[in-house]
Amino acid sequence: MLNINQWQKIYNTKNIELLKNATWVDWFCKETSLTNKTIKLGKIVKQLKSGKINRDSMYVWFKNNCPLYGPLYDDIRIADIESGETLFIISINDPWNNNNTYKLYSKQDGFNIPIITSNYIINIINYLNRED
């Protein structure tokens, strides 16, 4: 399992195949599309800094979701290495987005109500990178 620091370093070397194999846990899309999805989601992960997350003790995993109704959508999950517990979920283009492209959910809120909904991923990245 790669912590976020390790993941970011490998992403910068462009070894997408390694990250694809290490990061995707569940998918319903064609396996051939995972490479492009890893590149796309990796652009988000590479911007994460230690703030609300700890890049040494947390890892990311990707999920391609298949809702009962609506199209497939992806999310990035940030989890604690020691416990394996997911702490944050960044949802991208889920069918319940109400015209917002990104949502951030937290374990603290039971993943029920988004902390942030935004058309811009930078708002979620800025929130996660804050230390408060």
# chains A, B, ... in the order shown; residues from 1 in each chain; ligands from 1

call {"tool": "residues_around", "arguments": {"residues": "Cys29 in chain A", "least_positions_apart": "3", "cutoff": "12 Å", "atoms": "only C-alpha atoms", "output": "PyMOL selection string"}}
result
chain A and resi 24+26+32-37+63-66+71-74

call {"tool": "write_last_selection", "arguments": {"atoms": "N, CA and C atoms", "output": "mmCIF file, in the first residue's frame"}}
result
data_model
loop_
_atom_site.group_PDB
_atom_site.id
_atom_site.type_symbol
_atom_site.label_atom_id
_atom_site.label_comp_id
_atom_site.auth_asym_id
_atom_site.auth_seq_id
_atom_site.Cartn_x
_atom_site.Cartn_y
_atom_site.Cartn_z
ATOM 1 N N TRP A 24 -7.012 1.245 -7.855
ATOM 2 C CA TRP A 24 -8.407 0.915 -8.152
ATOM 3 C C TRP A 24 -8.844 -0.307 -7.354
ATOM 4 N N ASP A 26 -12.519 -1.006 -7.003
ATOM 5 C CA ASP A 26 -13.789 -1.476 -7.536
ATOM 6 C C ASP A 26 -14.133 -0.649 -8.766
ATOM 7 N N THR A 32 -10.026 -1.065 -19.679
ATOM 8 C CA THR A 32 -9.142 -0.250 -20.527
ATOM 9 C C THR A 32 -9.259 1.239 -20.233
ATOM 10 N N SER A 33 -10.366 1.675 -19.634
ATOM 11 C CA SER A 33 -10.519 3.105 -19.327
ATOM 12 C C SER A 33 -9.877 3.503 -18.002
ATOM 13 N N LEU A 34 -9.388 2.529 -17.218
ATOM 14 C CA LEU A 34 -8.805 2.847 -15.909
ATOM 15 C C LEU A 34 -7.534 3.679 -16.017
ATOM 16 N N THR A 35 -6.765 3.495 -17.074
ATOM 17 C CA THR A 35 -5.533 4.283 -17.233
ATOM 18 C C THR A 35 -5.860 5.767 -17.324
ATOM 19 N N ASN A 36 -6.795 6.133 -18.208
ATOM 20 C CA ASN A 36 -7.161 7.550 -18.345
ATOM 21 C C ASN A 36 -7.809 8.090 -17.082
ATOM 22 N N LYS A 37 -8.603 7.259 -16.415
ATOM 23 C CA LYS A 37 -9.221 7.694 -15.167
ATOM 24 C C LYS A 37 -8.155 7.913 -14.086
ATOM 25 N N LYS A 63 -12.642 4.416 -6.760
ATOM 26 C CA LYS A 63 -13.803 3.562 -6.973
ATOM 27 C C LYS A 63 -14.627 4.133 -8.111
ATOM 28 N N ASN A 64 -15.057 3.268 -9.017
ATOM 29 C CA ASN A 64 -15.981 3.614 -10.090
ATOM 30 C C ASN A 64 -17.335 3.047 -9.669
ATOM 31 N N ASN A 65 -18.266 3.935 -9.399
ATOM 32 C CA ASN A 65 -19.547 3.560 -8.815
ATOM 33 C C ASN A 65 -20.623 3.333 -9.868
ATOM 34 N N CYS A 66 -21.500 2.393 -9.586
ATOM 35 C CA CYS A 66 -22.626 2.073 -10.464
ATOM 36 C C CYS A 66 -23.910 2.223 -9.660
ATOM 37 N N PRO A 71 -25.743 7.431 -14.494
ATOM 38 C CA PRO A 71 -24.490 6.963 -15.084
ATOM 39 C C PRO A 71 -23.448 6.574 -14.031
ATOM 40 N N LEU A 72 -22.433 5.858 -14.484
ATOM 41 C CA LEU A 72 -21.286 5.551 -13.624
ATOM 42 C C LEU A 72 -20.610 6.854 -13.219
ATOM 43 N N TYR A 73 -19.993 6.845 -12.054
ATOM 44 C CA TYR A 73 -19.206 8.005 -11.634
ATOM 45 C C TYR A 73 -18.066 7.521 -10.753
ATOM 46 N N ASP A 74 -17.024 8.354 -10.649
ATOM 47 C CA ASP A 74 -15.819 7.997 -9.907
ATOM 48 C C ASP A 74 -15.743 8.749 -8.592
#

call {"tool": "residues_around", "arguments": {"residues": "Leu68 in chain A", "least_positions_apart": "5", "cutoff": "12 Å", "atoms": "only C-alpha atoms", "output": "list of chain:residue names"}}
result
A:Tyr73, A:Asp94, A:Pro95, A:Trp96

call {"tool": "write_last_selection", "arguments": {"atoms": "C-alpha atoms", "output": "PDB file, in the first residue's frame"}}
result
ATOM      1  CA  TYR A  73     -19.206   8.005 -11.634  1.00  0.00           C
ATOM      2  CA  ASP A  94     -22.259  11.703  -9.208  1.00  0.00           C
ATOM      3  CA  PRO A  95     -25.862  11.619 -10.459  1.00  0.00           C
ATOM      4  CA  TRP A  96     -27.084  13.482  -7.355  1.00  0.00           C
TER       5      TRP A  96
END

call {"tool": "atom_distance", "arguments": {"atom1": "CA of Glu31 in chain A", "atom2": "CA of Ser106 in chain A"}}
result
28.3 Å

call {"tool": "atom_distance", "arguments": {"atom1": "CA of Ile81 in chain A", "atom2": "CA of Ile10 in chain A"}}
result
17.9 Å

call {"tool": "closest_atom_pairs", "arguments": {"of": "range 44-101 of chain A", "to": "range 110-125 of chain A", "cutoff": "10 Å", "atoms": "only C-alpha atoms", "output": "tab-separated table"}}
result
residue	atom	partner	partner_atom	distance
A:Ile44	CA	A:Ile125	CA	7.6
A:Val45	CA	A:Ile125	CA	8.8
A:Gln47	CA	A:Ile125	CA	7.0
A:Leu48	CA	A:Ile125	CA	6.4
A:Lys49	CA	A:Ile125	CA	8.6
A:Thr86	CA	A:Phe111	CA	9.8
A:Leu87	CA	A:Phe111	CA	8.9
A:Phe88	CA	A:Phe111	CA	8.0
A:Ile89	CA	A:Phe111	CA	7.7
A:Ile90	CA	A:Ile124	CA	8.1
A:Ser91	CA	A:Thr117	CA	9.4
A:Ile92	CA	A:Ile121	CA	9.1
A:Asn93	CA	A:Asn119	CA	9.6
A:Asn97	CA	A:Thr117	CA	7.9
A:Asn98	CA	A:Thr117	CA	9.2
A:Asn99	CA	A:Asn119	CA	7.7
A:Asn100	CA	A:Asn119	CA	4.8
A:Thr101	CA	A:Asn119	CA	4.7

call {"tool": "write_last_selection", "arguments": {"atoms": "N, CA and C atoms", "output": "PDB file, in the first residue's frame"}}
result
ATOM      1  N   ILE A  44      -5.807  15.391  -9.296  1.00  0.00           N
ATOM      2  CA  ILE A  44      -6.368  15.878  -8.027  1.00  0.00           C
ATOM      3  C   ILE A  44      -5.472  15.447  -6.870  1.00  0.00           C
ATOM      4  N   VAL A  45      -5.122  14.164  -6.830  1.00  0.00           N
ATOM      5  CA  VAL A  45      -4.314  13.621  -5.731  1.00  0.00           C
ATOM      6  C   VAL A  45      -2.969  14.322  -5.634  1.00  0.00           C
ATOM      7  N   GLN A  47      -2.218  17.272  -5.944  1.00  0.00           N
ATOM      8  CA  GLN A  47      -2.313  18.601  -5.338  1.00  0.00           C
ATOM      9  C   GLN A  47      -2.538  18.551  -3.824  1.00  0.00           C
ATOM     10  N   LEU A  48      -2.734  17.368  -3.276  1.00  0.00           N
ATOM     11  CA  LEU A  48      -2.988  17.253  -1.841  1.00  0.00           C
ATOM     12  C   LEU A  48      -1.709  17.488  -1.047  1.00  0.00           C
ATOM     13  N   LYS A  49      -1.843  18.303  -0.010  1.00  0.00           N
ATOM     14  CA  LYS A  49      -0.746  18.568   0.913  1.00  0.00           C
ATOM     15  C   LYS A  49      -1.220  18.186   2.303  1.00  0.00           C
ATOM     16  N   THR A  86     -11.852   4.646   5.808  1.00  0.00           N
ATOM     17  CA  THR A  86     -11.974   5.777   4.899  1.00  0.00           C
ATOM     18  C   THR A  86     -12.372   6.998   5.713  1.00  0.00           C
ATOM     19  N   LEU A  87     -11.683   8.120   5.477  1.00  0.00           N
ATOM     20  CA  LEU A  87     -11.934   9.353   6.225  1.00  0.00           C
ATOM     21  C   LEU A  87     -12.619  10.418   5.379  1.00  0.00           C
ATOM     22  N   PHE A  88     -12.282  10.461   4.081  1.00  0.00           N
ATOM     23  CA  PHE A  88     -12.873  11.427   3.155  1.00  0.00           C
ATOM     24  C   PHE A  88     -13.206  10.738   1.839  1.00  0.00           C
ATOM     25  N   ILE A  89     -14.243  11.238   1.180  1.00  0.00           N
ATOM     26  CA  ILE A  89     -14.580  10.807  -0.166  1.00  0.00           C
ATOM     27  C   ILE A  89     -14.773  12.052  -1.022  1.00  0.00           C
ATOM     28  N   ILE A  90     -14.066  12.101  -2.140  1.00  0.00           N
ATOM     29  CA  ILE A  90     -14.256  13.154  -3.137  1.00  0.00           C
ATOM     30  C   ILE A  90     -15.051  12.519  -4.273  1.00  0.00           C
ATOM     31  N   SER A  91     -16.287  12.930  -4.419  1.00  0.00           N
ATOM     32  CA  SER A  91     -17.180  12.392  -5.438  1.00  0.00           C
ATOM     33  C   SER A  91     -17.146  13.289  -6.675  1.00  0.00           C
ATOM     34  N   ILE A  92     -17.034  12.658  -7.845  1.00  0.00           N
ATOM     35  CA  ILE A  92     -16.891  13.409  -9.092  1.00  0.00           C
ATOM     36  C   ILE A  92     -18.042  13.056 -10.030  1.00  0.00           C
ATOM     37  N   ASN A  93     -18.851  14.054 -10.342  1.00  0.00           N
ATOM     38  CA  ASN A  93     -19.971  13.903 -11.279  1.00  0.00           C
ATOM     39  C   ASN A  93     -20.970  12.828 -10.876  1.00  0.00           C
ATOM     40  N   ASN A  97     -25.584  15.272  -8.021  1.00  0.00           N
ATOM     41  CA  ASN A  97     -24.766  16.465  -7.807  1.00  0.00           C
ATOM     42  C   ASN A  97     -25.505  17.782  -7.927  1.00  0.00           C
ATOM     43  N   ASN A  98     -26.712  17.802  -8.424  1.00  0.00           N
ATOM     44  CA  ASN A  98     -27.458  19.066  -8.553  1.00  0.00           C
ATOM     45  C   ASN A  98     -26.612  20.159  -9.195  1.00  0.00           C
ATOM     46  N   ASN A  99     -26.021  19.853 -10.323  1.00  0.00           N
ATOM     47  CA  ASN A  99     -25.215  20.791 -11.110  1.00  0.00           C
ATOM     48  C   ASN A  99     -23.874  21.141 -10.477  1.00  0.00           C
ATOM     49  N   ASN A 100     -23.481  20.482  -9.429  1.00  0.00           N
ATOM     50  CA  ASN A 100     -22.134  20.661  -8.884  1.00  0.00           C
ATOM     51  C   ASN A 100     -21.299  19.461  -9.311  1.00  0.00           C
ATOM     52  N   THR A 101     -20.104  19.723  -9.777  1.00  0.00           N
ATOM     53  CA  THR A 101     -19.262  18.668 -10.310  1.00  0.00           C
ATOM     54  C   THR A 101     -18.596  17.849  -9.217  1.00  0.00           C
TER      55      THR A 101
END
